[in-house]
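Just structure.pdb here, PDB, C-alpha atoms:
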```pdb
ATOM      1  CA  GLN A 219      19.723  59.019 179.364  1.00  0.00           C
ATOM      2  CA  VAL A 220      21.696  61.177 176.953  1.00  0.00           C
ATOM      3  CA  GLN A 221      25.425  61.383 177.537  1.00  0.00           C
ATOM      4  CA  LEU A 222      28.002  63.377 175.616  1.00  0.00           C
ATOM      5  CA  VAL A 223      31.746  62.857 175.893  1.00  0.00           C
ATOM      6  CA  GLU A 224      34.152  65.306 174.288  1.00  0.00           C
ATOM      7  CA  SER A 225      37.773  64.619 173.382  1.00  0.00           C
ATOM      8  CA  GLY A 226      40.540  65.946 171.182  1.00  0.00           C
ATOM      9  CA  GLY A 227      41.472  69.079 173.049  1.00  0.00           C
ATOM     10  CA  GLY A 228      45.047  70.000 173.783  1.00  0.00           C
ATOM     11  CA  SER A 229      47.758  72.598 173.429  1.00  0.00           C
ATOM     12  CA  VAL A 230      48.822  73.880 170.043  1.00  0.00           C
ATOM     13  CA  GLN A 231      50.693  76.830 168.628  1.00  0.00           C
ATOM     14  CA  ALA A 232      48.954  79.596 166.724  1.00  0.00           C
ATOM     15  CA  GLY A 233      48.262  78.532 163.165  1.00  0.00           C
ATOM     16  CA  GLY A 234      47.908  74.911 164.150  1.00  0.00           C
ATOM     17  CA  SER A 235      44.932  72.566 163.972  1.00  0.00           C
ATOM     18  CA  LEU A 236      42.888  70.365 166.271  1.00  0.00           C
ATOM     19  CA  ARG A 237      39.927  68.078 165.771  1.00  0.00           C
ATOM     20  CA  LEU A 238      37.416  67.777 168.567  1.00  0.00           C
ATOM     21  CA  SER A 239      35.072  64.814 168.866  1.00  0.00           C
ATOM     22  CA  CYS A 240      31.879  64.375 170.829  1.00  0.00           C
ATOM     23  CA  VAL A 241      30.475  60.872 171.188  1.00  0.00           C
ATOM     24  CA  ALA A 242      26.787  60.787 171.990  1.00  0.00           C
ATOM     25  CA  SER A 243      24.817  57.978 173.569  1.00  0.00           C
ATOM     26  CA  GLY A 244      21.165  57.655 174.469  1.00  0.00           C
ATOM     27  CA  ILE A 245      19.899  59.837 171.630  1.00  0.00           C
ATOM     28  CA  THR A 246      16.617  58.485 170.345  1.00  0.00           C
ATOM     29  CA  TYR A 247      15.519  61.636 168.549  1.00  0.00           C
ATOM     30  CA  TYR A 248      15.039  61.733 164.809  1.00  0.00           C
ATOM     31  CA  ARG A 249      15.395  65.501 164.551  1.00  0.00           C
ATOM     32  CA  TYR A 250      17.858  67.377 166.698  1.00  0.00           C
ATOM     33  CA  CYS A 251      20.398  70.143 166.860  1.00  0.00           C
ATOM     34  CA  MET A 252      23.948  69.546 167.947  1.00  0.00           C
ATOM     35  CA  GLY A 253      26.589  72.154 168.449  1.00  0.00           C
ATOM     36  CA  TRP A 254      29.818  73.337 169.960  1.00  0.00           C
ATOM     37  CA  PHE A 255      30.171  76.104 172.512  1.00  0.00           C
ATOM     38  CA  ARG A 256      33.221  77.514 174.223  1.00  0.00           C
ATOM     39  CA  GLN A 257      33.823  79.402 177.422  1.00  0.00           C
ATOM     40  CA  VAL A 258      36.693  81.220 179.029  1.00  0.00           C
ATOM     41  CA  PRO A 259      36.588  81.762 182.806  1.00  0.00           C
ATOM     42  CA  GLY A 260      34.976  85.090 183.579  1.00  0.00           C
ATOM     43  CA  LYS A 261      33.422  85.443 180.132  1.00  0.00           C
ATOM     44  CA  GLU A 262      30.089  84.495 178.645  1.00  0.00           C
ATOM     45  CA  ARG A 263      29.647  81.185 176.914  1.00  0.00           C
ATOM     46  CA  GLU A 264      29.926  81.554 173.125  1.00  0.00           C
ATOM     47  CA  GLY A 265      28.175  79.471 170.511  1.00  0.00           C
ATOM     48  CA  VAL A 266      30.760  78.298 167.983  1.00  0.00           C
ATOM     49  CA  ALA A 267      28.918  76.124 165.470  1.00  0.00           C
ATOM     50  CA  THR A 268      25.714  74.143 165.084  1.00  0.00           C
ATOM     51  CA  ILE A 269      24.434  71.394 162.834  1.00  0.00           C
ATOM     52  CA  TYR A 270      20.939  70.024 162.279  1.00  0.00           C
ATOM     53  CA  SER A 271      20.438  66.280 162.131  1.00  0.00           C
ATOM     54  CA  ARG A 272      18.273  66.285 159.025  1.00  0.00           C
ATOM     55  CA  GLY A 273      20.102  67.697 156.044  1.00  0.00           C
ATOM     56  CA  GLY A 274      23.223  68.680 157.941  1.00  0.00           C
ATOM     57  CA  THR A 275      22.589  72.425 157.780  1.00  0.00           C
ATOM     58  CA  THR A 276      25.348  74.243 159.623  1.00  0.00           C
ATOM     59  CA  SER A 277      25.916  77.665 161.125  1.00  0.00           C
ATOM     60  CA  TYR A 278      29.020  79.329 162.535  1.00  0.00           C
ATOM     61  CA  ALA A 279      29.985  82.228 164.722  1.00  0.00           C
ATOM     62  CA  ASP A 280      31.622  85.010 162.718  1.00  0.00           C
ATOM     63  CA  SER A 281      34.798  84.583 164.747  1.00  0.00           C
ATOM     64  CA  VAL A 282      35.361  81.057 163.400  1.00  0.00           C
ATOM     65  CA  LYS A 283      33.904  81.177 159.886  1.00  0.00           C
ATOM     66  CA  GLY A 284      36.345  79.886 157.312  1.00  0.00           C
ATOM     67  CA  ARG A 285      38.533  78.268 159.967  1.00  0.00           C
ATOM     68  CA  PHE A 286      36.271  75.775 161.779  1.00  0.00           C
ATOM     69  CA  THR A 287      34.113  73.033 160.297  1.00  0.00           C
ATOM     70  CA  ILE A 288      31.381  71.176 162.149  1.00  0.00           C
ATOM     71  CA  SER A 289      30.314  67.746 160.951  1.00  0.00           C
ATOM     72  CA  GLN A 290      28.563  64.650 162.202  1.00  0.00           C
ATOM     73  CA  ASP A 291      28.744  60.923 161.647  1.00  0.00           C
ATOM     74  CA  ASN A 292      25.255  59.673 162.352  1.00  0.00           C
ATOM     75  CA  ALA A 293      26.295  56.035 162.221  1.00  0.00           C
ATOM     76  CA  LYS A 294      28.894  56.619 164.911  1.00  0.00           C
ATOM     77  CA  LYS A 295      26.730  59.123 166.802  1.00  0.00           C
ATOM     78  CA  THR A 296      29.722  61.425 166.799  1.00  0.00           C
ATOM     79  CA  LEU A 297      29.993  65.168 166.346  1.00  0.00           C
ATOM     80  CA  TYR A 298      33.222  66.746 165.149  1.00  0.00           C
ATOM     81  CA  LEU A 299      34.769  70.198 165.108  1.00  0.00           C
ATOM     82  CA  GLU A 300      37.724  70.608 162.779  1.00  0.00           C
ATOM     83  CA  MET A 301      39.656  73.694 163.860  1.00  0.00           C
ATOM     84  CA  ASN A 302      42.298  75.176 161.576  1.00  0.00           C
ATOM     85  CA  SER A 303      44.378  78.349 161.682  1.00  0.00           C
ATOM     86  CA  LEU A 304      43.932  78.467 165.416  1.00  0.00           C
ATOM     87  CA  LYS A 305      44.467  81.754 167.232  1.00  0.00           C
ATOM     88  CA  PRO A 306      45.274  82.462 170.880  1.00  0.00           C
ATOM     89  CA  GLU A 307      41.768  83.889 171.262  1.00  0.00           C
ATOM     90  CA  ASP A 308      40.375  80.424 170.472  1.00  0.00           C
ATOM     91  CA  THR A 309      41.702  79.259 173.830  1.00  0.00           C
ATOM     92  CA  ALA A 310      38.741  78.032 175.870  1.00  0.00           C
ATOM     93  CA  MET A 311      36.927  75.032 177.257  1.00  0.00           C
ATOM     94  CA  TYR A 312      34.895  73.553 174.417  1.00  0.00           C
ATOM     95  CA  TYR A 313      31.564  71.844 175.058  1.00  0.00           C
ATOM     96  CA  CYS A 314      29.212  69.930 172.819  1.00  0.00           C
ATOM     97  CA  ALA A 315      25.463  69.982 173.288  1.00  0.00           C
ATOM     98  CA  VAL A 316      22.379  68.305 171.826  1.00  0.00           C
ATOM     99  CA  ARG A 317      18.647  68.925 171.943  1.00  0.00           C
ATOM    100  CA  SER A 318      15.656  67.457 170.226  1.00  0.00           C
ATOM    101  CA  THR A 319      14.000  70.021 167.988  1.00  0.00           C
ATOM    102  CA  ALA A 320      11.481  69.869 165.157  1.00  0.00           C
ATOM    103  CA  THR A 321      13.290  72.463 163.040  1.00  0.00           C
ATOM    104  CA  MET A 322      16.697  74.042 162.846  1.00  0.00           C
ATOM    105  CA  THR A 323      15.304  77.467 163.584  1.00  0.00           C
ATOM    106  CA  GLY A 324      16.852  78.846 166.734  1.00  0.00           C
ATOM    107  CA  CYS A 325      19.188  75.879 166.995  1.00  0.00           C
ATOM    108  CA  LEU A 326      21.817  77.753 168.995  1.00  0.00           C
ATOM    109  CA  GLU A 327      19.319  79.080 171.528  1.00  0.00           C
ATOM    110  CA  ARG A 328      17.592  75.714 171.870  1.00  0.00           C
ATOM    111  CA  LEU A 329      20.891  74.015 172.677  1.00  0.00           C
ATOM    112  CA  LEU A 330      21.267  76.127 175.795  1.00  0.00           C
ATOM    113  CA  GLY A 331      18.461  74.042 177.288  1.00  0.00           C
ATOM    114  CA  GLY A 332      19.763  70.708 176.041  1.00  0.00           C
ATOM    115  CA  TYR A 333      22.216  68.079 177.204  1.00  0.00           C
ATOM    116  CA  TRP A 334      25.855  69.031 177.616  1.00  0.00           C
ATOM    117  CA  GLY A 335      29.167  67.244 177.860  1.00  0.00           C
ATOM    118  CA  GLN A 336      31.925  67.885 180.388  1.00  0.00           C
ATOM    119  CA  GLY A 337      34.113  69.810 177.983  1.00  0.00           C
ATOM    120  CA  THR A 338      37.600  69.558 176.542  1.00  0.00           C
ATOM    121  CA  GLN A 339      40.257  72.242 176.944  1.00  0.00           C
ATOM    122  CA  VAL A 340      41.854  73.907 173.939  1.00  0.00           C
ATOM    123  CA  THR A 341      44.897  76.091 174.506  1.00  0.00           C
ATOM    124  CA  VAL A 342      46.518  78.043 171.674  1.00  0.00           C
ATOM    125  CA  SER A 343      49.845  79.720 172.330  1.00  0.00           C
ATOM    126  CA  SER A 344      51.276  82.586 170.332  1.00  0.00           C
TER     127      SER A 344
END
```

When written as structure tokens, how does the structure in this file appear?
Amino acid sequence: QVQLVESGGGSVQAGGSLRLSCVASGITYYRYCMGWFRQVPGKEREGVATIYSRGGTTSYADSVKGRFTISQDNAKKTLYLEMNSLKPEDTAMYYCAVRSTATMTGCLERLLGGYWGQGTQVTVSS
């Protein structure tokens, strides 16, 4: 059974940085998408960044481009999200997700039907 455990959230002032981690277990896929989403109570869930297992192709939401970096350590089965120049509007619960997929096409949409972690809270104060 696939399990994802996020960590690294916390409180930081605007302009600061955080690094989120997501440790995955039970993944036996060779090709898969992994990604980070975030959600604020009362608002729709937002896809933040995705990465494909083969080749490491990444994609980002416009709101985080140039500030966030998604990466993975396949040996450690860990997904990361490096967040720099944080803004108050980045405040949210951050979730990681994974899903087996033959290609990276539609990675973000495919993840909605995948496995999800419990989330880690990020709070950015002004």

I need the output of the PyMOL selection byres ((chain A and resi 301) around 7) for this file as number ranges by chain; which residues are they? A: 235-237, 285-287, 299-300, 302-304

File of the preceding selection, C-alpha atoms, as an mmCIF file, keeping the file's coordinate frame:
```
data_model
loop_
_atom_site.group_PDB
_atom_site.id
_atom_site.type_symbol
_atom_site.label_atom_id
_atom_site.label_comp_id
_atom_site.auth_asym_id
_atom_site.auth_seq_id
_atom_site.Cartn_x
_atom_site.Cartn_y
_atom_site.Cartn_z
ATOM 1 C CA SER A 235 44.932 72.566 163.972
ATOM 2 C CA LEU A 236 42.888 70.365 166.271
ATOM 3 C CA ARG A 237 39.927 68.078 165.771
ATOM 4 C CA ARG A 285 38.533 78.268 159.967
ATOM 5 C CA PHE A 286 36.271 75.775 161.779
ATOM 6 C CA THR A 287 34.113 73.033 160.297
ATOM 7 C CA LEU A 299 34.769 70.198 165.108
ATOM 8 C CA GLU A 300 37.724 70.608 162.779
ATOM 9 C CA ASN A 302 42.298 75.176 161.576
ATOM 10 C CA SER A 303 44.378 78.349 161.682
ATOM 11 C CA LEU A 304 43.932 78.467 165.416
#
```

I would like the residues chosen by the PyMOL selection byres ((chain A and resi 221) around 9) on the shown file; could you give them as an MDAnalysis selection string? chainID A and resid 219:220 222:223 241:245 333:335

In terms of the shortest atom-to-atom distance over all atoms listed in the file, which of A:Gln336, A:Ala232, A:Val282, A:Ala267 is closest to Phe255 (chain A)?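 The shortest atom-to-atom distance to Phe255 (chain A) comes from A:Ala267.
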
Expressed in Å to a single decimal, how great is the separation between CA of Ser343 (chain A) and CA of Gln231 (chain A)?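 Calculated distance between CA of Ser343 (chain A) and CA of Gln231 (chain A) is 4.8 Å.
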
May I ask which of the residues A:Gly274, A:Gly324, A:Gly227, A:Gly233 is the closest one to Arg256 (chain A), counting only C-alpha atoms? A:Gly227

Length of the CA of Thr323 (chain A) to CA of Tyr247 (chain A) vector [Å]: 16.6 Å

Could you write out as a ChimeraX atom specification the residues that the PyMOL selection byres ((chain A and resi 278) around 8) matches in the shown file? /A:266-268,276-277,279-280,282-283

Preceding selection exported with C-alpha atoms as a compact mmCIF listing (two decimals), in the frame of the given file:
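Written file, again.txt:
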```txt
# COMPACT_ATOMS: atom_id res chain seq x y z
CA VAL A 266 30.76 78.30 167.98
CA ALA A 267 28.92 76.12 165.47
CA THR A 268 25.71 74.14 165.08
CA THR A 276 25.35 74.24 159.62
CA SER A 277 25.92 77.67 161.12
CA ALA A 279 29.98 82.23 164.72
CA ASP A 280 31.62 85.01 162.72
CA VAL A 282 35.36 81.06 163.40
CA LYS A 283 33.90 81.18 159.89
```

Provide the CA of Leu297 (chain A) to CA of Ser225 (chain A) distance in Å, to one decimal place. 10.5 Å

Here is a test: counting all atoms listed in the file, which residue of A:Cys251, A:Met311, A:Ala320, A:Val340 is nearest to Glu264 (chain A)? A:Met311

From the set A:Ala293, A:Leu238, A:Ala310, A:Ile288, which residue has the shortest atom-to-atom contact distance to Thr341 (chain A), counting only C-alpha atoms? A:Ala310

In terms of the shortest atom-to-atom distance over only C-alpha atoms, which of A:Ser229, A:Ser271, A:Ser281, A:Thr319 is closest to Gln339 (chain A)?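 Nearest to Gln339 (chain A): A:Ser229.
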
Is there a way to complete region 255-267 of chain A with N, CA, C and O atoms and then write that out as a PDB file, in the frame of the given file?
```pdb
ATOM      1  N   PHE A 255      30.060  74.838 171.812  1.00  0.00           N
ATOM      2  CA  PHE A 255      30.171  76.104 172.512  1.00  0.00           C
ATOM      3  C   PHE A 255      31.563  76.177 173.130  1.00  0.00           C
ATOM      4  O   PHE A 255      32.231  75.156 173.274  1.00  0.00           O
ATOM      5  N   ARG A 256      31.955  77.375 173.507  1.00  0.00           N
ATOM      6  CA  ARG A 256      33.221  77.514 174.223  1.00  0.00           C
ATOM      7  C   ARG A 256      33.072  78.588 175.302  1.00  0.00           C
ATOM      8  O   ARG A 256      32.236  79.488 175.191  1.00  0.00           O
ATOM      9  N   GLN A 257      33.893  78.452 176.318  1.00  0.00           N
ATOM     10  CA  GLN A 257      33.823  79.402 177.422  1.00  0.00           C
ATOM     11  C   GLN A 257      35.183  79.589 178.061  1.00  0.00           C
ATOM     12  O   GLN A 257      35.913  78.622 178.301  1.00  0.00           O
ATOM     13  N   VAL A 258      35.492  80.837 178.305  1.00  0.00           N
ATOM     14  CA  VAL A 258      36.693  81.220 179.029  1.00  0.00           C
ATOM     15  C   VAL A 258      36.253  81.687 180.407  1.00  0.00           C
ATOM     16  O   VAL A 258      35.244  82.388 180.527  1.00  0.00           O
ATOM     17  N   PRO A 259      36.972  81.323 181.454  1.00  0.00           N
ATOM     18  CA  PRO A 259      36.588  81.762 182.806  1.00  0.00           C
ATOM     19  C   PRO A 259      36.390  83.266 182.872  1.00  0.00           C
ATOM     20  O   PRO A 259      37.225  84.043 182.387  1.00  0.00           O
ATOM     21  N   GLY A 260      35.259  83.678 183.435  1.00  0.00           N
ATOM     22  CA  GLY A 260      34.976  85.090 183.579  1.00  0.00           C
ATOM     23  C   GLY A 260      34.279  85.711 182.389  1.00  0.00           C
ATOM     24  O   GLY A 260      33.925  86.892 182.422  1.00  0.00           O
ATOM     25  N   LYS A 261      34.088  84.927 181.326  1.00  0.00           N
ATOM     26  CA  LYS A 261      33.422  85.443 180.132  1.00  0.00           C
ATOM     27  C   LYS A 261      32.179  84.618 179.832  1.00  0.00           C
ATOM     28  O   LYS A 261      32.024  83.497 180.302  1.00  0.00           O
ATOM     29  N   GLU A 262      31.311  85.189 179.007  1.00  0.00           N
ATOM     30  CA  GLU A 262      30.089  84.495 178.645  1.00  0.00           C
ATOM     31  C   GLU A 262      30.382  83.322 177.713  1.00  0.00           C
ATOM     32  O   GLU A 262      31.335  83.349 176.932  1.00  0.00           O
ATOM     33  N   ARG A 263      29.532  82.312 177.819  1.00  0.00           N
ATOM     34  CA  ARG A 263      29.647  81.185 176.914  1.00  0.00           C
ATOM     35  C   ARG A 263      29.329  81.643 175.491  1.00  0.00           C
ATOM     36  O   ARG A 263      28.402  82.414 175.267  1.00  0.00           O
ATOM     37  N   GLU A 264      30.079  81.151 174.526  1.00  0.00           N
ATOM     38  CA  GLU A 264      29.926  81.554 173.125  1.00  0.00           C
ATOM     39  C   GLU A 264      29.557  80.353 172.268  1.00  0.00           C
ATOM     40  O   GLU A 264      30.221  79.316 172.330  1.00  0.00           O
ATOM     41  N   GLY A 265      28.528  80.496 171.478  1.00  0.00           N
ATOM     42  CA  GLY A 265      28.175  79.471 170.511  1.00  0.00           C
ATOM     43  C   GLY A 265      29.153  79.501 169.355  1.00  0.00           C
ATOM     44  O   GLY A 265      29.394  80.560 168.786  1.00  0.00           O
ATOM     45  N   VAL A 266      29.733  78.366 169.018  1.00  0.00           N
ATOM     46  CA  VAL A 266      30.760  78.298 167.983  1.00  0.00           C
ATOM     47  C   VAL A 266      30.174  77.819 166.661  1.00  0.00           C
ATOM     48  O   VAL A 266      30.376  78.434 165.616  1.00  0.00           O
ATOM     49  N   ALA A 267      29.462  76.700 166.697  1.00  0.00           N
ATOM     50  CA  ALA A 267      28.918  76.124 165.470  1.00  0.00           C
ATOM     51  C   ALA A 267      27.784  75.179 165.816  1.00  0.00           C
ATOM     52  O   ALA A 267      27.780  74.573 166.887  1.00  0.00           O
TER      53      ALA A 267
END
```
